[in-house]
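Trainee: Following this line is query-v1.cif, made up of mmCIF, C-alpha atoms:
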data_protein
loop_
_atom_site.group_PDB
_atom_site.id
_atom_site.type_symbol
_atom_site.label_atom_id
_atom_site.label_comp_id
_atom_site.auth_asym_id
_atom_site.auth_seq_id
_atom_site.Cartn_x
_atom_site.Cartn_y
_atom_site.Cartn_z
ATOM 1 C CA MET V 98 -70.637 110.909 10.754
ATOM 2 C CA LYS V 99 -68.700 113.535 8.813
ATOM 3 C CA THR V 100 -70.089 117.016 9.272
ATOM 4 C CA ASP V 101 -67.441 118.903 7.302
ATOM 5 C CA THR V 102 -68.183 119.437 3.628
ATOM 6 C CA LEU V 103 -66.654 121.148 0.633
ATOM 7 C CA GLN V 104 -69.048 121.492 -2.279
ATOM 8 C CA LYS V 105 -67.764 122.357 -5.755
ATOM 9 C CA PHE V 106 -70.046 123.758 -8.443
ATOM 10 C CA MET V 107 -69.934 125.470 -11.819
ATOM 11 C CA PHE V 108 -72.264 127.864 -13.576
ATOM 12 C CA GLU V 109 -73.528 125.967 -16.628
ATOM 13 C CA HIS V 110 -73.654 128.941 -18.980
ATOM 14 C CA ALA V 111 -70.791 131.047 -17.635
ATOM 15 C CA GLY V 112 -67.059 130.647 -17.096
ATOM 16 C CA VAL V 113 -67.378 130.733 -13.320
ATOM 17 C CA ARG V 114 -66.609 128.009 -10.813
ATOM 18 C CA GLY V 115 -67.379 128.034 -7.140
ATOM 19 C CA GLU V 116 -66.954 126.240 -3.855
ATOM 20 C CA LEU V 117 -68.657 126.344 -0.487
ATOM 21 C CA VAL V 118 -66.927 124.911 2.565
ATOM 22 C CA GLU V 119 -68.276 124.169 6.021
ATOM 23 C CA LEU V 120 -65.836 123.184 8.783
ATOM 24 C CA GLU V 121 -67.355 122.287 12.109
ATOM 25 C CA GLN V 122 -65.888 119.059 13.433
ATOM 26 C CA SER V 123 -62.339 119.745 12.223
ATOM 27 C CA TRP V 124 -62.475 123.361 13.432
ATOM 28 C CA GLN V 125 -63.568 122.313 16.916
ATOM 29 C CA GLN V 126 -60.925 119.554 17.024
ATOM 30 C CA MET V 127 -58.287 122.100 16.098
ATOM 31 C CA GLN V 128 -59.382 124.314 19.012
ATOM 32 C CA SER V 129 -59.748 121.496 21.544
ATOM 33 C CA HIS V 130 -56.200 121.762 22.912
ATOM 34 C CA ARG V 131 -55.817 125.526 22.860
ATOM 35 C CA SER V 132 -58.041 128.568 23.239
ATOM 36 C CA TYR V 133 -57.503 131.865 21.432
ATOM 37 C CA PRO V 134 -58.891 135.367 21.982
ATOM 38 C CA LYS V 135 -62.063 135.820 19.952
ATOM 39 C CA ALA V 136 -60.473 138.160 17.368
ATOM 40 C CA VAL V 137 -57.633 135.668 16.735
ATOM 41 C CA GLN V 138 -60.079 132.756 16.648
ATOM 42 C CA THR V 139 -62.089 134.503 13.932
ATOM 43 C CA LEU V 140 -59.053 135.228 11.738
ATOM 44 C CA LEU V 141 -57.591 131.736 12.131
ATOM 45 C CA GLY V 142 -60.965 130.151 11.331
ATOM 46 C CA GLU V 143 -61.325 132.250 8.203
ATOM 47 C CA LEU V 144 -57.783 131.370 7.116
ATOM 48 C CA MET V 145 -58.595 127.676 7.632
ATOM 49 C CA ALA V 146 -61.703 127.902 5.433
ATOM 50 C CA ALA V 147 -59.734 129.791 2.770
ATOM 51 C CA ALA V 148 -56.995 127.133 2.772
ATOM 52 C CA ALA V 149 -59.542 124.387 2.152
ATOM 53 C CA LEU V 150 -61.141 126.351 -0.692
ATOM 54 C CA LEU V 151 -57.855 127.042 -2.479
ATOM 55 C CA SER V 152 -56.429 123.558 -1.909
ATOM 56 C CA ALA V 153 -59.481 121.924 -3.466
ATOM 57 C CA ASN V 154 -58.633 123.559 -6.808
ATOM 58 C CA LEU V 155 -54.996 122.444 -6.847
ATOM 59 C CA LYS V 156 -53.920 119.465 -8.914
ATOM 60 C CA PHE V 157 -51.024 118.908 -6.589
ATOM 61 C CA ASN V 158 -49.751 115.962 -4.548
ATOM 62 C CA GLY V 159 -48.491 117.765 -1.515
ATOM 63 C CA THR V 160 -49.339 120.293 1.153
ATOM 64 C CA MET V 161 -50.334 123.923 0.812
ATOM 65 C CA ILE V 162 -49.194 126.064 3.729
ATOM 66 C CA MET V 163 -50.698 129.503 4.333
ATOM 67 C CA GLN V 164 -48.867 131.777 6.748
ATOM 68 C CA ILE V 165 -49.428 135.285 7.991
ATOM 69 C CA HIS V 166 -46.363 136.745 9.695
ATOM 70 C CA GLY V 167 -47.373 139.609 11.930
ATOM 71 C CA ASP V 168 -45.729 142.605 13.523
ATOM 72 C CA GLY V 169 -48.399 143.145 16.169
ATOM 73 C CA PRO V 170 -49.861 141.055 19.029
ATOM 74 C CA VAL V 171 -50.161 138.068 16.660
ATOM 75 C CA LYS V 172 -46.748 136.963 15.417
ATOM 76 C CA LEU V 173 -47.805 134.040 13.234
ATOM 77 C CA MET V 174 -50.870 132.246 11.907
ATOM 78 C CA VAL V 175 -50.410 128.999 9.995
ATOM 79 C CA VAL V 176 -52.837 126.685 8.219
ATOM 80 C CA GLU V 177 -51.734 123.545 6.387
ATOM 81 C CA CYS V 178 -53.964 121.608 3.980
ATOM 82 C CA ASP V 179 -52.902 118.560 1.995
ATOM 83 C CA ALA V 180 -54.245 117.054 -1.217
ATOM 84 C CA ASN V 181 -56.811 115.024 0.757
ATOM 85 C CA LEU V 182 -58.127 118.186 2.456
ATOM 86 C CA ARG V 183 -56.635 117.228 5.801
ATOM 87 C CA LEU V 184 -56.120 120.417 7.779
ATOM 88 C CA ARG V 185 -54.294 121.695 10.812
ATOM 89 C CA ALA V 186 -53.815 125.255 12.103
ATOM 90 C CA THR V 187 -52.148 127.242 14.856
ATOM 91 C CA ALA V 188 -51.388 130.799 15.916
ATOM 92 C CA LYS V 189 -48.562 132.274 17.989
ATOM 93 C CA LEU V 190 -49.130 135.389 20.055
ATOM 94 C CA ALA V 191 -46.627 137.827 21.505
ATOM 95 C CA ASP V 192 -45.800 137.088 25.140
ATOM 96 C CA ASP V 193 -47.300 140.379 26.257
ATOM 97 C CA ALA V 194 -50.286 140.307 23.878
ATOM 98 C CA VAL V 195 -53.486 141.915 25.129
ATOM 99 C CA ILE V 196 -56.162 141.437 22.492
ATOM 100 C CA GLU V 197 -59.589 143.057 22.494
ATOM 101 C CA GLU V 198 -62.612 141.344 20.985
ATOM 102 C CA ASN V 199 -63.111 143.751 18.080
ATOM 103 C CA GLU V 200 -59.507 144.127 16.899
ATOM 104 C CA SER V 201 -58.970 143.978 13.144
ATOM 105 C CA LEU V 202 -56.473 142.153 10.954
ATOM 106 C CA LYS V 203 -54.416 145.347 10.754
ATOM 107 C CA ASP V 204 -54.423 145.755 14.540
ATOM 108 C CA LEU V 205 -53.321 142.175 15.124
ATOM 109 C CA VAL V 206 -50.751 141.435 12.418
ATOM 110 C CA HIS V 207 -50.067 144.602 10.441
ATOM 111 C CA ALA V 208 -49.812 147.239 13.149
ATOM 112 C CA HIS V 209 -46.518 148.661 11.816
ATOM 113 C CA GLY V 210 -46.982 147.837 8.132
ATOM 114 C CA GLN V 211 -44.578 144.875 8.213
ATOM 115 C CA GLY V 212 -47.054 141.981 8.001
ATOM 116 C CA ARG V 213 -46.514 139.383 5.257
ATOM 117 C CA PHE V 214 -48.661 136.748 3.586
ATOM 118 C CA VAL V 215 -46.937 133.544 2.453
ATOM 119 C CA ILE V 216 -48.212 130.585 0.458
ATOM 120 C CA THR V 217 -45.972 127.520 0.189
ATOM 121 C CA LEU V 218 -46.630 124.477 -2.002
ATOM 122 C CA ASP V 219 -44.611 121.575 -0.634
ATOM 123 C CA PRO V 220 -44.758 118.481 -2.896
ATOM 124 C CA ASN V 221 -44.707 115.010 -1.360
ATOM 125 C CA ASP V 222 -42.673 113.566 -4.210
ATOM 126 C CA LYS V 223 -39.839 116.080 -4.595
ATOM 127 C CA MET V 224 -37.263 115.446 -7.272
ATOM 128 C CA PRO V 225 -33.604 115.594 -6.163
ATOM 129 C CA GLY V 226 -32.742 119.209 -5.481
ATOM 130 C CA GLN V 227 -36.343 120.381 -5.889
ATOM 131 C CA GLN V 228 -37.479 123.080 -3.491
ATOM 132 C CA ALA V 229 -40.969 123.908 -2.338
ATOM 133 C CA TYR V 230 -42.613 126.784 -4.244
ATOM 134 C CA GLN V 231 -43.125 129.837 -2.072
ATOM 135 C CA GLY V 232 -44.870 133.132 -2.771
ATOM 136 C CA ILE V 233 -44.363 136.020 -0.320
ATOM 137 C CA VAL V 234 -46.253 139.312 -0.532
ATOM 138 C CA PRO V 235 -47.001 142.218 1.824
ATOM 139 C CA LEU V 236 -50.385 142.095 3.521
ATOM 140 C CA ASP V 237 -52.634 143.904 1.074
ATOM 141 C CA GLY V 238 -56.171 144.146 2.420
ATOM 142 C CA ASP V 239 -58.251 144.806 5.520
ATOM 143 C CA ASP V 240 -59.400 141.208 5.997
ATOM 144 C CA ILE V 241 -58.330 137.638 5.199
ATOM 145 C CA ALA V 242 -60.553 137.393 2.120
ATOM 146 C CA THR V 243 -59.168 140.561 0.510
ATOM 147 C CA VAL V 244 -55.543 139.598 1.236
ATOM 148 C CA ILE V 245 -56.000 136.284 -0.580
ATOM 149 C CA GLU V 246 -57.978 137.825 -3.452
ATOM 150 C CA ASN V 247 -55.164 140.299 -4.054
ATOM 151 C CA TYR V 248 -52.561 137.540 -3.846
ATOM 152 C CA MET V 249 -54.415 135.414 -6.408
ATOM 153 C CA LEU V 250 -54.799 138.320 -8.815
ATOM 154 C CA ARG V 251 -51.165 139.401 -8.486
ATOM 155 C CA SER V 252 -49.529 135.971 -8.425
ATOM 156 C CA GLU V 253 -51.881 133.742 -10.407
ATOM 157 C CA GLN V 254 -53.672 136.327 -12.604
ATOM 158 C CA LEU V 255 -56.993 134.796 -11.543
ATOM 159 C CA ASP V 256 -60.080 136.838 -10.664
ATOM 160 C CA THR V 257 -61.062 135.340 -7.320
ATOM 161 C CA LYS V 258 -63.639 136.375 -4.724
ATOM 162 C CA LEU V 259 -63.902 134.999 -1.202
ATOM 163 C CA TRP V 260 -66.485 135.306 1.537
ATOM 164 C CA LEU V 261 -65.416 133.999 4.954
ATOM 165 C CA ALA V 262 -66.901 133.807 8.433
ATOM 166 C CA ALA V 263 -65.927 132.012 11.644
ATOM 167 C CA ASN V 264 -66.868 131.733 15.306
ATOM 168 C CA ASP V 265 -66.010 129.183 17.991
ATOM 169 C CA LYS V 266 -68.417 126.573 16.558
ATOM 170 C CA VAL V 267 -68.003 126.692 12.791
ATOM 171 C CA THR V 268 -66.115 128.331 9.955
ATOM 172 C CA ARG V 269 -67.648 128.668 6.491
ATOM 173 C CA GLY V 270 -66.427 130.136 3.259
ATOM 174 C CA MET V 271 -67.335 130.575 -0.372
ATOM 175 C CA LEU V 272 -65.032 131.003 -3.342
ATOM 176 C CA LEU V 273 -65.920 132.164 -6.832
ATOM 177 C CA GLN V 274 -63.328 132.144 -9.574
ATOM 178 C CA LYS V 275 -63.477 133.391 -13.130
ATOM 179 C CA LEU V 276 -62.220 130.687 -15.461
ATOM 180 C CA PRO V 277 -59.526 131.800 -17.894
ATOM 181 C CA LYS V 278 -60.605 131.961 -21.538
ATOM 182 C CA ILE V 279 -58.386 131.649 -24.590
ATOM 183 C CA GLY V 280 -59.547 133.579 -27.647
ATOM 184 C CA GLY V 281 -63.206 134.251 -28.403
ATOM 185 C CA SER V 282 -65.104 137.140 -29.931
ATOM 186 C CA ALA V 283 -65.472 140.509 -28.258
ATOM 187 C CA SER V 284 -69.153 139.799 -27.542
ATOM 188 C CA LYS V 285 -68.238 136.469 -25.921
ATOM 189 C CA VAL V 286 -65.677 138.174 -23.704
ATOM 190 C CA GLU V 287 -68.273 140.775 -22.759
ATOM 191 C CA ASP V 288 -70.811 138.058 -21.902
ATOM 192 C CA GLU V 289 -68.283 136.283 -19.700
ATOM 193 C CA ALA V 290 -67.475 139.522 -17.906
ATOM 194 C CA GLU V 291 -71.174 140.178 -17.318
ATOM 195 C CA ALA V 292 -71.685 136.643 -15.983
ATOM 196 C CA TRP V 293 -68.742 137.044 -13.623
ATOM 197 C CA ASN V 294 -69.971 140.386 -12.341
ATOM 198 C CA HIS V 295 -73.444 138.936 -11.779
ATOM 199 C CA ALA V 296 -72.059 135.979 -9.811
ATOM 200 C CA VAL V 297 -69.979 138.324 -7.638
ATOM 201 C CA MET V 298 -72.998 140.558 -7.085
ATOM 202 C CA LEU V 299 -74.951 137.562 -5.770
ATOM 203 C CA GLY V 300 -72.046 136.604 -3.526
ATOM 204 C CA ASP V 301 -71.841 140.114 -2.142
ATOM 205 C CA THR V 302 -75.338 139.735 -0.705
ATOM 206 C CA LEU V 303 -73.861 137.275 1.828
ATOM 207 C CA LYS V 304 -73.472 138.600 5.357
ATOM 208 C CA LYS V 305 -71.204 137.045 7.972
ATOM 209 C CA ASP V 306 -74.094 136.441 10.393
ATOM 210 C CA GLU V 307 -75.987 134.626 7.653
ATOM 211 C CA MET V 308 -72.964 132.474 6.858
ATOM 212 C CA LEU V 309 -72.602 131.449 10.492
ATOM 213 C CA GLU V 310 -76.281 130.679 10.984
ATOM 214 C CA HIS V 311 -76.998 128.572 7.889
ATOM 215 C CA SER V 312 -75.481 125.454 6.350
ATOM 216 C CA ALA V 313 -73.503 125.558 3.119
ATOM 217 C CA GLU V 314 -76.381 123.776 1.376
ATOM 218 C CA THR V 315 -78.860 126.438 2.495
ATOM 219 C CA LEU V 316 -76.517 129.240 1.487
ATOM 220 C CA MET V 317 -76.095 127.799 -1.998
ATOM 221 C CA HIS V 318 -79.849 127.556 -2.473
ATOM 222 C CA ARG V 319 -80.452 131.102 -1.226
ATOM 223 C CA LEU V 320 -77.757 132.587 -3.451
ATOM 224 C CA PHE V 321 -78.124 130.659 -6.690
ATOM 225 C CA TRP V 322 -81.677 129.295 -6.841
ATOM 226 C CA GLU V 323 -82.238 131.088 -10.145
ATOM 227 C CA GLN V 324 -78.949 129.874 -11.671
ATOM 228 C CA THR V 325 -78.276 126.636 -13.519
ATOM 229 C CA LEU V 326 -75.432 124.970 -11.659
ATOM 230 C CA ARG V 327 -73.479 121.784 -12.175
ATOM 231 C CA VAL V 328 -72.927 120.414 -8.676
ATOM 232 C CA PHE V 329 -70.218 117.843 -7.999
ATOM 233 C CA GLU V 330 -69.887 115.097 -5.426
ATOM 234 C CA PRO V 331 -69.067 116.746 -2.080
ATOM 235 C CA LEU V 332 -65.638 116.390 -0.484
ATOM 236 C CA HIS V 333 -65.047 115.985 3.238
ATOM 237 C CA PRO V 334 -62.211 117.968 4.840
ATOM 238 C CA GLU V 335 -60.951 116.757 8.199
ATOM 239 C CA PHE V 336 -58.527 117.673 10.947
ATOM 240 C CA HIS V 337 -55.221 115.808 10.805
ATOM 241 C CA CYS V 338 -51.863 116.533 12.384
ATOM 242 C CA SER V 339 -48.795 115.093 10.691
ATOM 243 C CA CYS V 340 -46.495 115.392 13.704
ATOM 244 C CA THR V 341 -44.550 112.261 14.726
ATOM 245 C CA ARG V 342 -41.897 111.431 17.276
ATOM 246 C CA GLU V 343 -39.448 110.867 14.436
ATOM 247 C CA LYS V 344 -40.049 114.361 13.030
ATOM 248 C CA VAL V 345 -39.535 115.933 16.457
ATOM 249 C CA GLY V 346 -36.339 113.915 16.837
ATOM 250 C CA ASP V 347 -35.118 115.174 13.466
ATOM 251 C CA MET V 348 -35.813 118.747 14.604
ATOM 252 C CA LEU V 349 -33.780 118.194 17.768
ATOM 253 C CA LYS V 350 -30.913 116.723 15.766
ATOM 254 C CA MET V 351 -30.812 119.891 13.681
ATOM 255 C CA LEU V 352 -30.045 121.836 16.863
ATOM 256 C CA GLY V 353 -26.852 119.849 17.299
ATOM 257 C CA ALA V 354 -25.514 117.607 20.042
ATOM 258 C CA ALA V 355 -23.954 120.465 22.053
ATOM 259 C CA GLU V 356 -27.211 122.388 22.408
ATOM 260 C CA ILE V 357 -29.171 119.239 23.255
ATOM 261 C CA GLU V 358 -26.618 118.288 25.920
ATOM 262 C CA SER V 359 -26.868 121.788 27.390
ATOM 263 C CA ALA V 360 -30.680 121.564 27.570
ATOM 264 C CA ILE V 361 -30.491 118.134 29.224
ATOM 265 C CA ALA V 362 -27.946 119.403 31.752
ATOM 266 C CA GLU V 363 -30.246 122.278 32.669
ATOM 267 C CA ALA V 364 -33.630 120.521 32.836
ATOM 268 C CA GLY V 365 -32.841 116.811 32.922
ATOM 269 C CA ARG V 366 -35.038 116.127 29.879
ATOM 270 C CA ILE V 367 -36.612 117.844 26.864
ATOM 271 C CA ASP V 368 -40.388 118.148 26.594
ATOM 272 C CA ILE V 369 -42.074 119.395 23.434
ATOM 273 C CA ASN V 370 -45.764 119.873 22.709
ATOM 274 C CA CYS V 371 -46.967 120.080 19.101
ATOM 275 C CA ASP V 372 -48.342 123.558 18.401
ATOM 276 C CA PHE V 373 -51.000 122.106 16.091
ATOM 277 C CA CYS V 374 -52.504 119.241 18.110
ATOM 278 C CA GLY V 375 -51.018 119.427 21.601
ATOM 279 C CA GLN V 376 -49.345 116.012 21.332
ATOM 280 C CA HIS V 377 -46.557 115.710 23.914
ATOM 281 C CA TYR V 378 -43.134 114.292 23.108
ATOM 282 C CA GLY V 379 -40.655 113.644 25.917
ATOM 283 C CA PHE V 380 -36.939 112.963 25.497
ATOM 284 C CA ASP V 381 -34.825 111.869 28.463
ATOM 285 C CA PRO V 382 -31.006 111.724 28.372
ATOM 286 C CA VAL V 383 -31.033 108.232 26.854
ATOM 287 C CA ASP V 384 -33.482 109.282 24.134
ATOM 288 C CA CYS V 385 -31.340 112.289 23.268
ATOM 289 C CA ALA V 386 -28.179 110.217 23.100
ATOM 290 C CA GLN V 387 -29.927 107.802 20.739
ATOM 291 C CA LEU V 388 -30.775 110.643 18.368
ATOM 292 C CA PHE V 389 -27.169 110.910 17.308
ATOM 293 C CA VAL V 390 -26.359 107.196 17.085
ATOM 294 C CA THR V 391 -29.510 105.486 15.756
ATOM 295 C CA ASN V 392 -32.812 106.139 14.059
ATOM 296 C CA THR V 393 -34.651 104.212 16.779
ATOM 297 C CA LEU V 394 -36.343 106.451 19.323
ATOM 298 C CA ALA V 395 -37.353 105.244 22.761
ATOM 299 C CA GLU V 396 -41.054 105.366 23.565
ATOM 300 C CA GLY V 397 -41.913 108.738 25.072
ATOM 301 C CA THR V 398 -45.089 110.000 23.453
ATOM 302 C CA VAL V 399 -48.025 111.072 25.562
ATOM 303 C CA ALA V 400 -51.432 111.775 24.066
ATOM 304 C CA ALA V 401 -52.454 115.419 24.287
ATOM 305 C CA ALA V 402 -55.577 114.511 26.263
ATOM 306 C CA GLU V 403 -53.419 112.962 29.017
ATOM 307 C CA ILE V 404 -51.376 116.089 29.679
ATOM 308 C CA LYS V 405 -52.393 118.191 32.664
ATOM 309 C CA HIS V 406 -52.061 121.920 32.013
#
Once more with this new file: its structure as structure tokens, please.

Mentor:
Amino acid sequence: MKTDTLQKFMFEHAGVRGELVELEQSWQQMQSHRSYPKAVQTLLGELMAAAALLSANLKFNGTMIMQIHGDGPVKLMVVECDANLRLRATAKLADDAVIEENESLKDLVHAHGQGRFVITLDPNDKMPGQQAYQGIVPLDGDDIATVIENYMLRSEQLDTKLWLAANDKVTRGMLLQKLPKIGGSASKVEDEAEAWNHAVMLGDTLKKDEMLEHSAETLMHRLFWEQTLRVFEPLHPEFHCSCTREKVGDMLKMLGAAEIESAIAEAGRIDINCDFCGQHYGFDPVDCAQLFVTNTLAEGTVAAAEIKH
């Protein structure tokens, strides 16, 4: 039974759309192969909820990739979400990272002011020569929600508000977005602005503890019980990792035959675990030789659950 839900809605008499997302099963699957310090877990969970919320509004056949490149104990956080709301996420920490429970986004990824936020839209059906779209901005904000709000306003010229919360069990988020209007009288524009401000005011009553304790359905009722909403059929995000043995082989080929031969000479084989799902891929000398002469890879995949750490 699917427990993860993304619910879209619109205010009937205002140019405001919204979404509430609840990720429990996919969030726990994502964490099943790797544990993170609590502060990192919270940030990565919030980024995962935000990725689902933004992806659900894209009319785009491809994958949206959110990355935060850090200059502190956390070097990288990545969440990928495709057009079917299939998600995966990972974080990379510095080798010497010591992370306290209450450390902030600034402490973890923006300690020296060099952190960056990147959104990439990678289409599945690229035209010849077409590149993925990528937007890169400095980290502007004290939390994940504010960073993304500022990105959306600067890059997309869209008034967007986010509320995010995560723990080890669940991550939830809400998005409100002011719909763009073309033309209209001054009074109409003023009414739309008032409606937007009122919706944001209601959203601002949300507390993180409340978001973690109550379902998305309950939160919607508590926030908007006096509003007339148009509620759409819910969507169901899920965890999915797109790694394959072929993709890992392609990555090894990019390193070149000389480097692969050197690694084989040193260790006798090459073993790679997927950062997103823990899946193990093993390449012995025969496998590596095949990489450069054929597209057929010898069997060498081991399920993540079978690996002893």

Trainee: Using the chain letters and numbers from the file, which residues does the PyMOL selection byres ((chain V and resi 160-170) around 9) grab, as a VMD selection string?

Mentor: chain V and resid 144 to 145 148 151 to 152 157 to 159 171 to 180 189 to 196 203 to 221 236

Trainee: Show me, as JSON, the centre and edge lengths in Å to one decimal of the axis-aligned box that covers every listed atom of segment 264-274 of chain V with 3 Å on each side.

Mentor:
{"center_x": -65.9, "center_y": 129.4, "center_z": 4.2, "size_x": 11.1, "size_y": 11.6, "size_z": 33.6}

Trainee: Name the closest residue to Lys156 of chain V among the candidates V:Ser132, V:Asn181, V:Gln228, V:Gln122; distances are taken between atoms, counting only C-alpha atoms.

Mentor: V:Asn181

Trainee: Go through the shown structure with the PyMOL selection byres ((chain V and resi 118) around 8) and write out the matching residues as a PDB file with C-alpha atoms, keeping the file's coordinate frame.

Mentor:
ATOM      1  CA  ASP V 101     -67.441 118.903   7.302  1.00  0.00           C
ATOM      2  CA  THR V 102     -68.183 119.437   3.628  1.00  0.00           C
ATOM      3  CA  LEU V 103     -66.654 121.148   0.633  1.00  0.00           C
ATOM      4  CA  GLN V 104     -69.048 121.492  -2.279  1.00  0.00           C
ATOM      5  CA  GLU V 116     -66.954 126.240  -3.855  1.00  0.00           C
ATOM      6  CA  LEU V 117     -68.657 126.344  -0.487  1.00  0.00           C
ATOM      7  CA  GLU V 119     -68.276 124.169   6.021  1.00  0.00           C
ATOM      8  CA  LEU V 120     -65.836 123.184   8.783  1.00  0.00           C
ATOM      9  CA  ALA V 146     -61.703 127.902   5.433  1.00  0.00           C
ATOM     10  CA  ALA V 149     -59.542 124.387   2.152  1.00  0.00           C
ATOM     11  CA  LEU V 150     -61.141 126.351  -0.692  1.00  0.00           C
ATOM     12  CA  ARG V 269     -67.648 128.668   6.491  1.00  0.00           C
ATOM     13  CA  GLY V 270     -66.427 130.136   3.259  1.00  0.00           C
ATOM     14  CA  MET V 271     -67.335 130.575  -0.372  1.00  0.00           C
ATOM     15  CA  ALA V 313     -73.503 125.558   3.119  1.00  0.00           C
TER      16      ALA V 313
END

Trainee: Tell me, in Å to one decimal, how far atom CA of Asn370 of chain V is from atom CA of Arg131 of chain V.

Mentor: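 Distance reported for this atom pair: 11.5 Å.
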
Trainee: Residues within 9 Å of Leu182 of chain V, please, as a list in words. Count all atoms listed in the file; anything in the same chain fewer than 6 positions from it doesn't count.

Mentor: Ala149, Ser152, Ala153, Leu332, His333, Pro334, Glu335 and Phe336 of chain V

Trainee: Hey, what's within 12 Å of Leu352 of chain V if we count only C-alpha atoms and toss same-chain stuff fewer than 6 positions away? As a count of residues only, please?

Mentor: 8

Trainee: Out of V:Asp240, V:Glu323, V:Glu143, V:Glu356, which residue has the shortest atom-to-atom distance to Ala296 of chain V when counting only C-alpha atoms?

Mentor: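 Of V:Asp240, V:Glu323, V:Glu143, V:Glu356, the one nearest Ala296 of chain V is V:Glu323, counting only C-alpha atoms.
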
Trainee: Just want the 9 Å neighbourhood of Ala242 of chain V, counted on only C-alpha atoms, with same-chain residues fewer than 2 positions away dropped. Output as a ChimeraX atom specification.

Mentor: /V:143-144,147,238-240,244-247,258-261

Trainee: So, counting all atoms listed in the file, which residue among V:Gln231, V:Thr268, V:Asn154, V:Thr243 is closest to Gln125 of chain V?

Mentor: V:Thr268

Trainee: Nearest to Leu255 of chain V among V:Gly112, V:Leu155, V:Asp237, V:Leu276, with distances taken over all atoms listed in the file: which residue is it?

Mentor: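 Between V:Gly112, V:Leu155, V:Asp237, V:Leu276, the residue approaching Leu255 of chain V most closely is V:Leu276.
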
Trainee: Please measure the separation of atom CA of Thr100 of chain V and atom CA of His311 of chain V, giving the value in Å to one decimal.

Mentor: 13.5 Å

Trainee: Using only C-alpha atoms, can you tell me which of V:His130, V:His110, V:Lys223, V:Arg185 comes closest to Gly142 of chain V?

Mentor: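 Once distances to Gly142 of chain V are computed over only C-alpha atoms, the minimum belongs to V:Arg185.
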
Trainee: Let me make sure I understand: among V:Leu349, V:Ala290, V:Asp265, V:Glu197, which one has the smallest atom-to-atom distance to Ile367 of chain V if we use only C-alpha atoms?

Mentor: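 Checking each of V:Leu349, V:Ala290, V:Asp265, V:Glu197 against Ile367 of chain V, counting only C-alpha atoms, the winner is V:Leu349.
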
Trainee: May I ask for the distance between atom CA of Arg319 of chain V and atom CA of Asp301 of chain V, given in Å to one decimal place?

Mentor: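 About the pair atom CA of Arg319 of chain V and atom CA of Asp301 of chain V: they are 12.5 Å apart.
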
Trainee: Might you spell out which residues the PyMOL selection byres ((chain V and resi 365) around 12) would select in the displayed file, as a list in words?

Mentor: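 On the file shown, the PyMOL selection byres ((chain V and resi 365) around 12) covers Ile357, Glu358, Ser359, Ala360, Ile361, Ala362, Glu363, Ala364, Arg366, Ile367, Asp368, Gly379, Phe380, Asp381, Pro382, Val383, Asp384 and Cys385 of chain V.
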
Trainee: Render segment 227-235 of chain V from the structure in the preceding block as a file of N, CA, C and O atoms, as a compact mmCIF listing (two decimals), in the first residue's frame.

Mentor:
# COMPACT_ATOMS: atom_id res chain seq x y z
N GLN V 227 21.66 19.04 -27.82
CA GLN V 227 20.96 19.72 -26.73
C GLN V 227 21.62 19.40 -25.40
O GLN V 227 21.97 18.25 -25.12
N GLN V 228 21.78 20.41 -24.57
CA GLN V 228 22.36 20.25 -23.25
C GLN V 228 21.27 20.39 -22.19
O GLN V 228 20.25 21.03 -22.41
N ALA V 229 21.51 19.79 -21.05
CA ALA V 229 20.60 19.98 -19.93
C ALA V 229 20.63 21.44 -19.48
O ALA V 229 21.68 22.09 -19.53
N TYR V 230 19.46 21.95 -19.05
CA TYR V 230 19.41 23.31 -18.50
C TYR V 230 19.94 23.28 -17.07
O TYR V 230 19.59 22.38 -16.29
N GLN V 231 20.75 24.25 -16.73
CA GLN V 231 21.29 24.29 -15.37
C GLN V 231 21.30 25.72 -14.86
O GLN V 231 21.77 26.64 -15.53
N GLY V 232 20.76 25.91 -13.65
CA GLY V 232 20.81 27.19 -12.98
C GLY V 232 21.66 27.08 -11.72
O GLY V 232 21.44 26.17 -10.90
N ILE V 233 22.63 27.96 -11.57
CA ILE V 233 23.56 27.93 -10.42
C ILE V 233 23.52 29.28 -9.73
O ILE V 233 23.72 30.31 -10.37
N VAL V 234 23.26 29.26 -8.42
CA VAL V 234 23.22 30.51 -7.66
C VAL V 234 23.93 30.30 -6.32
O VAL V 234 24.03 29.17 -5.83
N PRO V 235 24.43 31.38 -5.70
CA PRO V 235 24.96 31.25 -4.35
C PRO V 235 23.84 30.85 -3.38
O PRO V 235 22.66 31.09 -3.65
